[in-house]
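One structure below.
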Amino acid sequence: MASSRKMLIDGEQNQSNVEEDDQYDFDLFVIGAGSGGVRAARFSANMGAKVGICELPFHPISSEVIGGVGGTCVIRGCVPKKILVYGASFGGELEDSKNYGWELNEKVDFNWKKLLQKKTDEILRLNNIYKRLLSNAGVKLYEGEGKVVGPNEVEVTQIDGTKLSYSAKHILIATGSRAERPNIPGKEFAITSDEALSLEELPRRVVVLGGGYIAVEFASIWRGMGATVDICFRKELPLRGFDDEMRAAVARNLEGRGINVHPQTTLTEVVKTDRGVRVRTDHGEEIEADAVLFATGRSPNTKRLNLDAVGVELDRTGAVKVDEYSRTTVPSIWAIGDVTNRMNLTPVALMEGTCFAKTVFGGQNLKPDYSNIACAVFSIPPLSVVGLSEEQAIEQSNGDILVYTSSFNPLKNTISQRQEKSIMKLIVDAETDKVLGASMCGPDAAEIMQGIAIALKCGATKAQFDSTVGIHPSAAEEFVTMREPTRRVPGAGKPKTNL
């Protein structure tokens with residue numbers, strides 16, 4: 001006999017029997033088979049739900065009618081980007097190796113097409129793995145474009161134009177986001193991150209517009225592969241929203257690696273030329289290039305979902321509005337991942353998908369927890385953070401904040417003679433001694449920060465950091481040897497005194 005399960009219905013937990021409810025074709029139908037959608041589908045199926053999922057046909061470069069199982073992260077995001085970062089990093093490593101005794105007597109060539117093919121092979125492999133994961137969980141996969149036609153009904157348009165209609169007790173929107181192009185004259189001559197990952201030829205001169213992590217990462221990739229790179233962004237420093245001290249470190253490193261940095265600059269025009277493209281900045285400067293990358297933001301994929309017609313509310317950016325359980329304004333329709341524009345990271349979409357499945361089909365009221373989520377910018381060298389930045393801590397605190405910093409030349413650089421310092425930082429509540437945030441810019445930052453994130457999730461204090469014995473010699477040991485605060489800063493909410 002099928003087991004009775006608790007399901008969250010209209011905000012309350014009611015008894016429901018997933019297996020015996022044959023009023024619908026599916027207990028759950030998911031639109032979008034990216035990281036979040038696949039996770040939600042698999043976990044829901046493993047809890048006894050009958051699950052269907054649809055995804056657009058595969059292609060490395062997305063459009064409104066092209067996608068692929070695995071989504072942005074696997075096909076045209078985190079994974080292929082990181083592969084290119086690895087490839088680009090060898091450029092600096094080869095240079096650094098000379099002082100370690102490696103004699104590179106002949107000219108070293110870089111074969112872009114070979115790396116591109118290896119990257120494509122890997123995303124195809126992962127695409128098939130995701131399909132297999134769905135199949136093994138008993139999830140029915142449909143290839144085509146899905147849209148919502150009622151609170152409990154979806155329509156899938158297959159490649160040949162055939163329309164299929166299915167009813168579902170619950171519908172989950174997990175369609176992600178995609179790169180947008182700013183409205184600049186000549187924008188059709190620029191590329192986005194999608195095309196940047198699949199260029200047939202490696203550009204020798206590149207202009208990057210944007211100061212976010214995608215812009216910084218691609219600037220580092222192309223520079224590491226030997227291209228001349230100009231990066232333009234509106235603010236004084238790149239990576240708005242990150243710790244200001246870390247932003248300045250990244251900017252120094254970009255320049256140190258030979259990237260031409262143009263702060264407080266935007267583009268006013270892109271023109272096609274016989275030799276490539278030419279851009280004009282708002283300062284009147286003209287730059288010739290083989291490619292121009294627009295990395296100025298992403299927009300949620302909601303335009304073709306028919307959500308307005310069924311009463312699902314969107315915000316001004318087009319993102320799906322959801323409550324703390326990922327439920328939309330229509331009780332039977334839910335949304336997770338980038339399409340909700342909450343915290344647009346793949347592991348966050350995975351967390352949201354897990355919480356959704358456990359809430360709806362696992363009898364648990366489980367809200368996603370967005371505190372102390374680590375993230376990384378895979379520039380060369382990378383930046384990684386967890387918890388609060390110094391600016392955020394000051395803004396939120398009613399007391400004093402202790403800031404601990406360490407800036408040093410990594411041991412590896414002392415032999416290679418690369419002039420590029422690593423910087424580490426801890427933000428501590430002066431009253432409770434609790435570590436509120438950590439950040440690092442330097443080699444292996446992401447690998448180190450994942451461990452630090454566990455400590456912050458557990459509520460670690462600075463005294464506990466100090467009592468931890470370091471691994472020597474390593475950069476990571478700096479996090480447990482910063483004894484004296486660099487500065488003490490009053491929080492914005494601290495009562496002021498006239499004394």
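Identifiers for the structure tokens are assigned positionally: chains receive A, B, ... in sequence, residues are indexed from 1 per chain, and ligands are indexed from 1 in the order shown.
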Surrounding residues of Thr468 of chain A excluding itself and chain neighbours under 4 positions, 9 Å, only C-alpha atoms, as a PDB file with N, CA and C atoms, in the first residue's frame:
```pdb
ATOM      1  N   ALA A 463      38.547  33.015  18.105  1.00  0.00           N
ATOM      2  CA  ALA A 463      39.380  32.224  19.015  1.00  0.00           C
ATOM      3  C   ALA A 463      39.524  30.792  18.521  1.00  0.00           C
ATOM      4  N   GLN A 464      38.455  30.258  17.915  1.00  0.00           N
ATOM      5  CA  GLN A 464      38.530  28.903  17.375  1.00  0.00           C
ATOM      6  C   GLN A 464      39.413  28.841  16.134  1.00  0.00           C
ATOM      7  N   VAL A 480      44.529  31.081  10.014  1.00  0.00           N
ATOM      8  CA  VAL A 480      44.553  30.736  11.445  1.00  0.00           C
ATOM      9  C   VAL A 480      45.745  31.372  12.159  1.00  0.00           C
ATOM     10  N   THR A 481      46.422  32.312  11.490  1.00  0.00           N
ATOM     11  CA  THR A 481      47.570  32.975  12.126  1.00  0.00           C
ATOM     12  C   THR A 481      47.456  34.496  12.134  1.00  0.00           C
TER      13      THR A 481
END
```
All alpha helix (DSSP H) residues (DSSP, backbone) inside segment 43-129 of chain A, as a VMD selection string: chain A and resid 43 to 46 71 to 76 78 to 97 112 to 129
Long-range neighbours of segment 23-35 of chain A as a CSV table (one decimal) with N, CA, C and O atoms, in the first residue's frame, 9 Å cut-off, only C-alpha atoms, 4 positions minimum in chain:
```csv
chain,number,residue,atom,x,y,z
A,18,VAL,N,0.6,10.6,-2.8
A,18,VAL,CA,1.1,10.9,-4.1
A,18,VAL,C,0.7,9.8,-5.1
A,18,VAL,O,0.2,10.1,-6.2
A,19,GLU,N,0.9,8.5,-4.7
A,19,GLU,CA,0.8,7.5,-5.7
A,19,GLU,C,-0.7,7.2,-6.1
A,19,GLU,O,-0.9,6.8,-7.2
A,39,ARG,N,17.7,18.5,-10.3
A,39,ARG,CA,17.7,18.1,-8.9
A,39,ARG,C,16.3,17.9,-8.3
A,39,ARG,O,16.0,16.9,-7.7
A,40,ALA,N,15.5,18.9,-8.6
A,40,ALA,CA,14.1,18.8,-8.0
A,40,ALA,C,13.3,17.6,-8.6
A,40,ALA,O,12.6,16.9,-7.9
A,41,ALA,N,13.5,17.4,-9.9
A,41,ALA,CA,12.8,16.2,-10.5
A,41,ALA,C,13.3,14.9,-10.0
A,41,ALA,O,12.5,14.0,-9.6
A,44,SER,N,12.2,14.5,-6.2
A,44,SER,CA,10.8,14.3,-6.1
A,44,SER,C,10.4,12.9,-6.5
A,44,SER,O,9.6,12.2,-5.9
A,45,ALA,N,11.0,12.4,-7.6
A,45,ALA,CA,10.8,11.1,-8.1
A,45,ALA,C,11.2,10.0,-7.1
A,45,ALA,O,10.5,9.0,-6.8
A,49,ALA,N,7.0,10.5,-6.3
A,49,ALA,CA,6.2,11.3,-7.2
A,49,ALA,C,6.4,10.9,-8.6
A,49,ALA,O,7.5,10.4,-9.0
A,50,LYS,N,5.4,11.0,-9.4
A,50,LYS,CA,5.4,10.8,-10.8
A,50,LYS,C,5.8,12.1,-11.5
A,50,LYS,O,5.1,13.1,-11.4
A,51,VAL,N,7.0,12.1,-12.1
A,51,VAL,CA,7.6,13.4,-12.6
A,51,VAL,C,7.8,13.4,-14.1
A,51,VAL,O,8.4,12.4,-14.7
A,52,GLY,N,7.5,14.5,-14.7
A,52,GLY,CA,7.8,14.8,-16.1
A,52,GLY,C,8.7,16.1,-16.1
A,52,GLY,O,8.6,16.9,-15.3
A,53,ILE,N,9.5,16.2,-17.1
A,53,ILE,CA,10.4,17.3,-17.3
A,53,ILE,C,10.6,17.6,-18.7
A,53,ILE,O,10.7,16.7,-19.5
A,54,CYS,N,10.7,18.9,-19.1
A,54,CYS,CA,10.9,19.2,-20.5
A,54,CYS,C,12.1,20.2,-20.6
A,54,CYS,O,12.4,20.9,-19.7
A,55,GLU,N,12.8,20.1,-21.7
A,55,GLU,CA,14.0,20.9,-22.0
A,55,GLU,C,14.1,21.2,-23.5
A,55,GLU,O,13.8,20.3,-24.3
A,56,LEU,N,14.6,22.3,-23.8
A,56,LEU,CA,14.8,22.7,-25.2
A,56,LEU,C,15.9,21.8,-25.8
A,56,LEU,O,16.8,21.3,-25.1
A,67,GLY,N,18.5,25.1,-25.9
A,67,GLY,CA,18.9,24.9,-24.6
A,67,GLY,C,19.8,23.7,-24.4
A,67,GLY,O,20.9,23.6,-24.8
A,68,GLY,N,19.2,22.7,-23.7
A,68,GLY,CA,19.9,21.4,-23.5
A,68,GLY,C,19.9,21.0,-22.1
A,68,GLY,O,19.9,21.8,-21.1
A,69,VAL,N,19.7,19.7,-21.9
A,69,VAL,CA,19.7,19.1,-20.5
A,69,VAL,C,21.1,19.4,-19.9
A,69,VAL,O,22.1,19.1,-20.4
A,70,GLY,N,21.0,19.9,-18.7
A,70,GLY,CA,22.2,20.3,-17.9
A,70,GLY,C,22.2,21.8,-17.7
A,70,GLY,O,22.8,22.3,-16.8
A,71,GLY,N,21.6,22.5,-18.6
A,71,GLY,CA,21.4,24.0,-18.4
A,71,GLY,C,22.6,24.8,-18.6
A,71,GLY,O,23.7,24.3,-19.1
A,72,THR,N,22.5,26.1,-18.2
A,72,THR,CA,23.6,27.0,-18.4
A,72,THR,C,24.9,26.5,-17.8
A,72,THR,O,26.0,26.6,-18.5
A,73,CYS,N,24.9,26.1,-16.6
A,73,CYS,CA,26.1,25.7,-15.9
A,73,CYS,C,26.9,24.7,-16.6
A,73,CYS,O,28.1,24.8,-16.8
A,74,VAL,N,26.3,23.6,-17.1
A,74,VAL,CA,27.0,22.5,-17.7
A,74,VAL,C,27.3,22.8,-19.1
A,74,VAL,O,28.4,22.5,-19.6
A,130,TYR,N,23.4,13.8,-17.3
A,130,TYR,CA,22.2,14.4,-16.7
A,130,TYR,C,21.0,13.7,-17.2
A,130,TYR,O,20.0,13.4,-16.5
A,141,LEU,N,11.4,12.4,-19.6
A,141,LEU,CA,12.0,13.6,-20.2
A,141,LEU,C,11.4,13.9,-21.6
A,141,LEU,O,11.3,13.0,-22.5
A,145,GLU,N,9.8,22.8,-26.2
A,145,GLU,CA,9.6,24.1,-25.4
A,145,GLU,C,8.3,23.9,-24.6
A,145,GLU,O,7.2,23.7,-25.1
A,146,GLY,N,8.5,24.2,-23.3
A,146,GLY,CA,7.3,24.1,-22.4
A,146,GLY,C,6.8,25.4,-22.0
A,146,GLY,O,7.5,26.4,-21.9
A,147,LYS,N,5.5,25.5,-21.8
A,147,LYS,CA,4.8,26.7,-21.3
A,147,LYS,C,3.6,26.3,-20.5
A,147,LYS,O,3.1,25.2,-20.6
A,148,VAL,N,3.3,27.2,-19.6
A,148,VAL,CA,2.1,26.9,-18.7
A,148,VAL,C,0.9,27.4,-19.3
A,148,VAL,O,0.8,28.6,-19.8
A,152,ASN,N,-2.7,23.9,-13.5
A,152,ASN,CA,-2.3,22.5,-13.4
A,152,ASN,C,-2.0,21.9,-14.8
A,152,ASN,O,-2.2,20.7,-15.0
A,153,GLU,N,-1.7,22.7,-15.8
A,153,GLU,CA,-1.5,22.2,-17.2
A,153,GLU,C,-0.3,22.8,-17.9
A,153,GLU,O,-0.1,24.1,-17.8
A,154,VAL,N,0.5,22.0,-18.5
A,154,VAL,CA,1.6,22.5,-19.3
A,154,VAL,C,1.4,22.0,-20.7
A,154,VAL,O,0.8,21.0,-21.0
A,166,TYR,N,-0.1,18.2,-20.9
A,166,TYR,CA,-0.1,17.3,-19.7
A,166,TYR,C,-0.6,18.1,-18.5
A,166,TYR,O,-0.4,19.3,-18.3
A,167,SER,N,-1.4,17.4,-17.6
A,167,SER,CA,-1.8,17.9,-16.4
A,167,SER,C,-0.8,17.5,-15.3
A,167,SER,O,-0.2,16.4,-15.3
A,168,ALA,N,-0.7,18.4,-14.3
A,168,ALA,CA,0.2,18.1,-13.2
A,168,ALA,C,-0.3,18.8,-11.9
A,168,ALA,O,-0.8,19.9,-11.9
A,169,LYS,N,-0.2,18.0,-10.8
A,169,LYS,CA,-0.6,18.6,-9.5
A,169,LYS,C,0.2,19.8,-9.2
A,169,LYS,O,-0.2,20.8,-8.6
A,170,HIS,N,1.5,19.7,-9.5
A,170,HIS,CA,2.5,20.8,-9.2
A,170,HIS,C,3.3,21.0,-10.5
A,170,HIS,O,3.7,20.1,-11.2
A,171,ILE,N,3.5,22.3,-10.7
A,171,ILE,CA,4.4,22.7,-11.9
A,171,ILE,C,5.6,23.5,-11.3
A,171,ILE,O,5.4,24.4,-10.4
A,172,LEU,N,6.7,23.2,-11.8
A,172,LEU,CA,8.0,23.9,-11.3
A,172,LEU,C,8.6,24.5,-12.5
A,172,LEU,O,9.0,23.9,-13.5
A,173,ILE,N,8.8,25.9,-12.3
A,173,ILE,CA,9.5,26.7,-13.4
A,173,ILE,C,11.0,26.7,-13.0
A,173,ILE,O,11.4,27.2,-11.9
A,174,ALA,N,11.9,26.2,-13.9
A,174,ALA,CA,13.3,26.2,-13.6
A,174,ALA,C,14.0,26.5,-14.9
A,174,ALA,O,14.9,25.7,-15.3
A,175,THR,N,13.7,27.6,-15.6
A,175,THR,CA,14.1,27.9,-16.9
A,175,THR,C,15.4,28.7,-16.9
A,175,THR,O,15.9,29.1,-18.0
A,176,GLY,N,15.9,29.1,-15.8
A,176,GLY,CA,17.2,29.9,-15.7
A,176,GLY,C,17.1,31.3,-16.3
A,176,GLY,O,16.1,31.9,-16.3
A,337,GLY,N,15.9,28.7,-8.9
A,337,GLY,CA,17.0,29.0,-9.7
A,337,GLY,C,17.0,30.4,-10.2
A,337,GLY,O,16.3,31.3,-9.7
A,346,THR,N,24.8,28.1,-9.2
A,346,THR,CA,24.3,26.8,-9.4
A,346,THR,C,24.1,26.0,-8.1
A,346,THR,O,23.0,25.4,-8.0
A,347,PRO,N,25.0,26.0,-7.2
A,347,PRO,CA,24.7,25.3,-5.9
A,347,PRO,C,23.5,25.8,-5.2
A,347,PRO,O,22.9,25.1,-4.4
A,349,ALA,N,20.7,26.9,-6.7
A,349,ALA,CA,19.6,26.3,-7.4
A,349,ALA,C,19.4,24.9,-7.0
A,349,ALA,O,18.3,24.4,-6.8
A,350,LEU,N,20.6,24.2,-6.8
A,350,LEU,CA,20.5,22.8,-6.3
A,350,LEU,C,19.8,22.8,-4.9
A,350,LEU,O,19.0,21.9,-4.6
A,353,GLY,N,16.1,23.4,-5.2
A,353,GLY,CA,15.5,22.2,-5.8
A,353,GLY,C,15.3,21.1,-4.7
A,353,GLY,O,14.2,20.5,-4.7
```
Within 9 Å of segment 474-477 of chain A using only C-alpha atoms, minus same-chain residues under 6 positions, as a list in words: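 Skipping anything fewer than 6 positions along the chain leaves Pro410, Leu411, Ser422, Gly442, Pro443, Asp444, Ala445, Ile448 and Met449 of chain A.
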Can I get the selection written as a JSON list (two decimals), in the first residue's frame, with N, CA and C atoms?
```
[["chain", "number", "residue", "atom", "x", "y", "z"],
["A", 410, "PRO", "N", 53.04, 34.92, -2.21],
["A", 410, "PRO", "CA", 53.08, 33.47, -2.01],
["A", 410, "PRO", "C", 54.47, 32.90, -2.25],
["A", 411, "LEU", "N", 54.80, 31.84, -1.52],
["A", 411, "LEU", "CA", 56.11, 31.21, -1.62],
["A", 411, "LEU", "C", 56.48, 30.90, -3.07],
["A", 422, "SER", "N", 48.95, 37.79, -2.61],
["A", 422, "SER", "CA", 47.67, 37.24, -2.16],
["A", 422, "SER", "C", 47.19, 38.09, -0.99],
["A", 442, "GLY", "N", 43.73, 35.15, -4.43],
["A", 442, "GLY", "CA", 45.02, 34.51, -4.62],
["A", 442, "GLY", "C", 44.84, 33.09, -5.10],
["A", 443, "PRO", "N", 45.93, 32.41, -5.47],
["A", 443, "PRO", "CA", 45.84, 31.04, -5.98],
["A", 443, "PRO", "C", 45.08, 30.13, -5.01],
["A", 444, "ASP", "N", 44.24, 29.26, -5.57],
["A", 444, "ASP", "CA", 43.49, 28.25, -4.80],
["A", 444, "ASP", "C", 42.46, 28.85, -3.85],
["A", 445, "ALA", "N", 42.05, 30.10, -4.07],
["A", 445, "ALA", "CA", 41.13, 30.77, -3.15],
["A", 445, "ALA", "C", 39.83, 29.99, -2.97],
["A", 448, "ILE", "N", 40.24, 26.81, -0.85],
["A", 448, "ILE", "CA", 40.43, 27.14, 0.57],
["A", 448, "ILE", "C", 39.12, 27.62, 1.19],
["A", 449, "MET", "N", 38.38, 28.44, 0.46],
["A", 449, "MET", "CA", 37.19, 29.08, 1.03],
["A", 449, "MET", "C", 36.07, 28.08, 1.30]]
```
Length of the atom CA of Pro151 of chain A to atom CA of Leu314 of chain A vector [Å]: 15.6 Å
Distance of atom CA of Val322 of chain A from atom CA of Ser371 of chain A, expressed in Å to one decimal place: 18.1 Å
